[in-house]
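A short worksheet on the structure shown next.
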Amino acid sequence: MEMLDVYNINGKPTGQIAPRGTILPDGNFFLCTHIFLENMNHQFLIQQRSNEKLTRPGQWDITAGAVDSGEDSLVAAIRETQEEVGLILKKDKLHFLFRDRLRCCFHDMYYASLPFRLEDCTMQASEVQALRLVSAEELSTLIQKMPHRSDNYKKTITQFLQNGTISKS
């Protein structure tokens, strides 16, 4: 069973841990990490969630996952990427984009540009059933259609995909 650190409304650890899937009291949050992976052909990796997943089975998304207890989101981003798609990332190649909050979870967004092809990826069967490479425009369109993403997430990621930057407004 995955154990996760609990964070307060300010995104700081409370010192408490809880099993993944726990319904947290108001003002308490888990932390997740999202990784936008771009190859040298300016294509982004997306993955189709396994049909066995409890949440959003079969849906297309980016590489993402919960931050385990004792980890920070950067370490979790590296771990999740290796587990789910078999790509090994270096800390200095990951760039923090922003933090979003939705319902009971903070989401830390990271971006990495690295030389990879689909053939270089290995899918974790329990998590991923297919992989695709898409353009920034296709990824933006996919994200805009996701009802489980906040308006801030959609707006900020679309801005990043179009301009390569995020405004600090």
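Ligands are numbered from 1 in the order shown, chains are lettered A, B, ... in the order of the structure tokens, and residues start at 1 in each chain.
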
Open item on the list: Residues within 12 Å of Gln159 (chain A), please, as a ChimeraX atom specification. Count only C-alpha atoms; anything in the same chain fewer than 4 positions from it doesn't count.
Closed with: /A:97,136-137,139-140,143-144,152-155,163-168

For the residues selected in the previous step, produce a file with C-alpha atoms as a tab-separated table (two decimals), in the first residue's frame.
chain	number	residue	atom	x	y	z
A	97	LEU	CA	6.88	24.71	-14.36
A	136	ALA	CA	2.30	20.60	-28.80
A	137	GLU	CA	-0.97	21.61	-30.45
A	139	LEU	CA	-1.33	17.90	-26.49
A	140	SER	CA	-2.94	21.28	-25.80
A	143	ILE	CA	-5.58	18.85	-22.11
A	144	GLN	CA	-8.38	21.30	-22.90
A	152	ASN	CA	-5.60	27.24	-14.31
A	153	TYR	CA	-3.86	23.99	-15.32
A	154	LYS	CA	-5.35	24.13	-18.83
A	155	LYS	CA	-4.54	27.81	-19.31
A	163	ASN	CA	5.19	29.98	-26.03
A	164	GLY	CA	7.65	27.84	-24.08
A	165	THR	CA	7.17	30.11	-21.06
A	166	ILE	CA	4.83	30.58	-18.12
A	167	SER	CA	3.88	34.05	-16.96
A	168	LYS	CA	4.09	34.66	-13.24

Open item on the list: Run DSSP on the backbone and tell me which residues of region 54-146 of chain A come out as strand (DSSP E); list them as a ChimeraX atom specification.
Closed with: /A:60-61,63-66,94-102,105-113,128-134

Let's have the selection written as an mmCIF file, in the first residue's frame, with N, CA and C atoms.
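Final file, part.cif:
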data_model
loop_
_atom_site.group_PDB
_atom_site.id
_atom_site.type_symbol
_atom_site.label_atom_id
_atom_site.label_comp_id
_atom_site.auth_asym_id
_atom_site.auth_seq_id
_atom_site.Cartn_x
_atom_site.Cartn_y
_atom_site.Cartn_z
ATOM 1 N N TRP A 60 -6.282 9.002 -22.335
ATOM 2 C CA TRP A 60 -4.958 9.489 -22.684
ATOM 3 C C TRP A 60 -4.564 10.622 -21.745
ATOM 4 N N ASP A 61 -3.311 10.633 -21.327
ATOM 5 C CA ASP A 61 -2.814 11.631 -20.386
ATOM 6 C C ASP A 61 -1.299 11.702 -20.529
ATOM 7 N N THR A 63 2.516 11.496 -18.417
ATOM 8 C CA THR A 63 3.087 10.720 -17.326
ATOM 9 C C THR A 63 2.877 11.496 -16.027
ATOM 10 N N ALA A 64 2.361 10.816 -15.017
ATOM 11 C CA ALA A 64 2.051 11.474 -13.745
ATOM 12 C C ALA A 64 1.913 10.418 -12.660
ATOM 13 N N GLY A 65 1.957 10.881 -11.410
ATOM 14 C CA GLY A 65 1.753 9.950 -10.307
ATOM 15 C C GLY A 65 1.875 10.627 -8.962
ATOM 16 N N ALA A 66 1.533 9.884 -7.952
ATOM 17 C CA ALA A 66 1.582 10.389 -6.581
ATOM 18 C C ALA A 66 3.025 10.445 -6.082
ATOM 19 N N LEU A 94 15.222 18.193 -15.666
ATOM 20 C CA LEU A 94 13.817 18.476 -15.354
ATOM 21 C C LEU A 94 13.671 19.931 -14.930
ATOM 22 N N HIS A 95 12.669 20.592 -15.473
ATOM 23 C CA HIS A 95 12.421 21.997 -15.164
ATOM 24 C C HIS A 95 11.044 22.119 -14.519
ATOM 25 N N PHE A 96 11.016 22.689 -13.323
ATOM 26 C CA PHE A 96 9.750 22.913 -12.634
ATOM 27 C C PHE A 96 8.982 24.004 -13.362
ATOM 28 N N LEU A 97 7.716 23.737 -13.661
ATOM 29 C CA LEU A 97 6.879 24.715 -14.356
ATOM 30 C C LEU A 97 6.010 25.506 -13.387
ATOM 31 N N PHE A 98 5.193 24.804 -12.593
ATOM 32 C CA PHE A 98 4.312 25.467 -11.641
ATOM 33 C C PHE A 98 3.608 24.420 -10.791
ATOM 34 N N ARG A 99 2.922 24.887 -9.757
ATOM 35 C CA ARG A 99 2.116 24.019 -8.892
ATOM 36 C C ARG A 99 0.657 24.425 -9.047
ATOM 37 N N ASP A 100 -0.186 23.439 -9.215
ATOM 38 C CA ASP A 100 -1.628 23.648 -9.299
ATOM 39 C C ASP A 100 -2.291 22.909 -8.138
ATOM 40 N N ARG A 101 -3.467 23.358 -7.758
ATOM 41 C CA ARG A 101 -4.212 22.675 -6.701
ATOM 42 C C ARG A 101 -5.613 22.392 -7.213
ATOM 43 N N LEU A 102 -6.045 21.173 -7.011
ATOM 44 C CA LEU A 102 -7.389 20.782 -7.397
ATOM 45 C C LEU A 102 -7.904 19.794 -6.367
ATOM 46 N N CYS A 105 -5.570 17.603 -3.917
ATOM 47 C CA CYS A 105 -4.197 17.316 -4.336
ATOM 48 C C CYS A 105 -3.513 18.533 -4.947
ATOM 49 N N PHE A 106 -2.250 18.712 -4.591
ATOM 50 C CA PHE A 106 -1.377 19.638 -5.297
ATOM 51 C C PHE A 106 -0.756 18.865 -6.450
ATOM 52 N N HIS A 107 -0.521 19.548 -7.562
ATOM 53 C CA HIS A 107 0.093 18.930 -8.737
ATOM 54 C C HIS A 107 1.303 19.769 -9.117
ATOM 55 N N ASP A 108 2.499 19.203 -9.012
ATOM 56 C CA ASP A 108 3.725 19.872 -9.440
ATOM 57 C C ASP A 108 4.038 19.449 -10.865
ATOM 58 N N MET A 109 4.171 20.443 -11.754
ATOM 59 C CA MET A 109 4.410 20.188 -13.173
ATOM 60 C C MET A 109 5.891 20.330 -13.497
ATOM 61 N N TYR A 110 6.389 19.361 -14.246
ATOM 62 C CA TYR A 110 7.773 19.385 -14.706
ATOM 63 C C TYR A 110 7.814 19.188 -16.220
ATOM 64 N N TYR A 111 8.879 19.692 -16.816
ATOM 65 C CA TYR A 111 9.112 19.560 -18.246
ATOM 66 C C TYR A 111 10.530 19.054 -18.450
ATOM 67 N N ALA A 112 10.683 18.148 -19.420
ATOM 68 C CA ALA A 112 12.021 17.676 -19.802
ATOM 69 C C ALA A 112 12.063 17.495 -21.313
ATOM 70 N N SER A 113 13.159 17.926 -21.893
ATOM 71 C CA SER A 113 13.428 17.699 -23.309
ATOM 72 C C SER A 113 14.599 16.726 -23.380
ATOM 73 N N VAL A 128 -0.040 1.549 -17.934
ATOM 74 C CA VAL A 128 -0.064 2.101 -19.296
ATOM 75 C C VAL A 128 -0.379 0.994 -20.298
ATOM 76 N N GLN A 129 -1.293 1.300 -21.241
ATOM 77 C CA GLN A 129 -1.588 0.297 -22.265
ATOM 78 C C GLN A 129 -1.184 0.726 -23.674
ATOM 79 N N ALA A 130 -0.845 2.000 -23.847
ATOM 80 C CA ALA A 130 -0.374 2.466 -25.154
ATOM 81 C C ALA A 130 0.364 3.789 -24.977
ATOM 82 N N LEU A 131 1.237 4.079 -25.933
ATOM 83 C CA LEU A 131 1.995 5.331 -25.946
ATOM 84 C C LEU A 131 1.867 5.968 -27.326
ATOM 85 N N ARG A 132 1.917 7.293 -27.356
ATOM 86 C CA ARG A 132 1.900 8.034 -28.619
ATOM 87 C C ARG A 132 2.772 9.269 -28.472
ATOM 88 N N LEU A 133 3.255 9.749 -29.598
ATOM 89 C CA LEU A 133 3.924 11.042 -29.659
ATOM 90 C C LEU A 133 2.989 11.997 -30.381
ATOM 91 N N VAL A 134 2.824 13.199 -29.799
ATOM 92 C CA VAL A 134 1.910 14.179 -30.369
ATOM 93 C C VAL A 134 2.595 15.545 -30.420
#

Task: Pairwise distance for CA of Phe160 (chain A) and CA of Pro13 (chain A), rounded to one decimal in Å - done: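 Separating CA of Phe160 (chain A) from CA of Pro13 (chain A) is a distance of 28.1 Å.
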
Open item on the list: According to DSSP computed on the backbone, where in region 10-116 of chain A is there alpha helix (DSSP H)? Give the residues as number ranges by chain.
Closed with: A: 73-85

Produce a file of the selected residues containing C-alpha atoms, as a tab-separated table (two decimals), in the first residue's frame.
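Output below, filename out-v2.tsv:
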chain	number	residue	atom	x	y	z
A	73	SER	CA	8.01	15.94	-6.38
A	74	LEU	CA	11.23	16.05	-8.42
A	75	VAL	CA	12.34	12.62	-7.19
A	76	ALA	CA	8.80	11.32	-7.79
A	77	ALA	CA	8.85	12.70	-11.35
A	78	ILE	CA	12.03	10.75	-12.08
A	79	ARG	CA	10.66	7.59	-10.46
A	80	GLU	CA	7.25	7.77	-12.16
A	81	THR	CA	8.80	8.33	-15.58
A	82	GLN	CA	11.09	5.32	-15.20
A	83	GLU	CA	8.32	3.10	-13.79
A	84	GLU	CA	5.59	4.01	-16.27
A	85	VAL	CA	7.47	4.53	-19.55

Task: Non-local contacts of Ile62 (chain A) (8 Å; only C-alpha atoms; under 6 positions in same chain excluded) as number ranges by chain - done: A: 34-36, 45-47

Could the residues in this selection be saved with all heavy atoms as an mmCIF file, in the first residue's frame?
data_model
loop_
_atom_site.group_PDB
_atom_site.id
_atom_site.type_symbol
_atom_site.label_atom_id
_atom_site.label_comp_id
_atom_site.auth_asym_id
_atom_site.auth_seq_id
_atom_site.Cartn_x
_atom_site.Cartn_y
_atom_site.Cartn_z
ATOM 1 N N HIS A 34 3.482 15.749 -12.391
ATOM 2 C CA HIS A 34 3.151 15.579 -13.800
ATOM 3 C C HIS A 34 4.403 15.904 -14.598
ATOM 4 O O HIS A 34 5.078 16.895 -14.313
ATOM 5 C CB HIS A 34 2.042 16.536 -14.220
ATOM 6 C CG HIS A 34 0.742 16.294 -13.523
ATOM 7 N ND1 HIS A 34 -0.466 16.479 -14.140
ATOM 8 C CD2 HIS A 34 0.444 15.884 -12.270
ATOM 9 C CE1 HIS A 34 -1.445 16.203 -13.313
ATOM 10 N NE2 HIS A 34 -0.910 15.849 -12.155
ATOM 11 N N ILE A 35 4.671 15.079 -15.617
ATOM 12 C CA ILE A 35 5.897 15.254 -16.380
ATOM 13 C C ILE A 35 5.569 15.383 -17.864
ATOM 14 O O ILE A 35 4.999 14.474 -18.465
ATOM 15 C CB ILE A 35 6.871 14.073 -16.164
ATOM 16 C CG1 ILE A 35 7.070 13.796 -14.668
ATOM 17 C CG2 ILE A 35 8.203 14.347 -16.831
ATOM 18 C CD1 ILE A 35 6.194 12.712 -14.117
ATOM 19 N N PHE A 36 5.917 16.513 -18.433
ATOM 20 C CA PHE A 36 5.752 16.758 -19.860
ATOM 21 C C PHE A 36 7.076 16.435 -20.528
ATOM 22 O O PHE A 36 8.078 17.115 -20.309
ATOM 23 C CB PHE A 36 5.341 18.214 -20.111
ATOM 24 C CG PHE A 36 3.963 18.514 -19.612
ATOM 25 C CD1 PHE A 36 3.763 18.854 -18.280
ATOM 26 C CD2 PHE A 36 2.868 18.401 -20.451
ATOM 27 C CE1 PHE A 36 2.489 19.101 -17.796
ATOM 28 C CE2 PHE A 36 1.588 18.650 -19.979
ATOM 29 C CZ PHE A 36 1.397 19.006 -18.645
ATOM 30 N N LEU A 45 5.275 13.030 -25.357
ATOM 31 C CA LEU A 45 4.835 11.680 -25.048
ATOM 32 C C LEU A 45 3.530 11.730 -24.268
ATOM 33 O O LEU A 45 3.419 12.448 -23.265
ATOM 34 C CB LEU A 45 5.903 10.952 -24.212
ATOM 35 C CG LEU A 45 5.601 9.495 -23.871
ATOM 36 C CD1 LEU A 45 5.619 8.638 -25.141
ATOM 37 C CD2 LEU A 45 6.614 8.968 -22.869
ATOM 38 N N ILE A 46 2.540 10.985 -24.749
ATOM 39 C CA ILE A 46 1.314 10.783 -23.980
ATOM 40 C C ILE A 46 1.114 9.291 -23.818
ATOM 41 O O ILE A 46 1.652 8.487 -24.585
ATOM 42 C CB ILE A 46 0.076 11.465 -24.615
ATOM 43 C CG1 ILE A 46 -0.219 10.910 -26.007
ATOM 44 C CG2 ILE A 46 0.241 12.975 -24.617
ATOM 45 C CD1 ILE A 46 -1.552 11.398 -26.587
ATOM 46 N N GLN A 47 0.360 8.936 -22.794
ATOM 47 C CA GLN A 47 0.154 7.523 -22.513
ATOM 48 C C GLN A 47 -1.322 7.266 -22.254
ATOM 49 O O GLN A 47 -2.017 8.101 -21.683
ATOM 50 C CB GLN A 47 0.995 7.083 -21.322
ATOM 51 C CG GLN A 47 0.724 7.837 -20.039
ATOM 52 C CD GLN A 47 1.780 7.553 -18.986
ATOM 53 O OE1 GLN A 47 2.968 7.780 -19.200
ATOM 54 N NE2 GLN A 47 1.342 7.073 -17.837
#
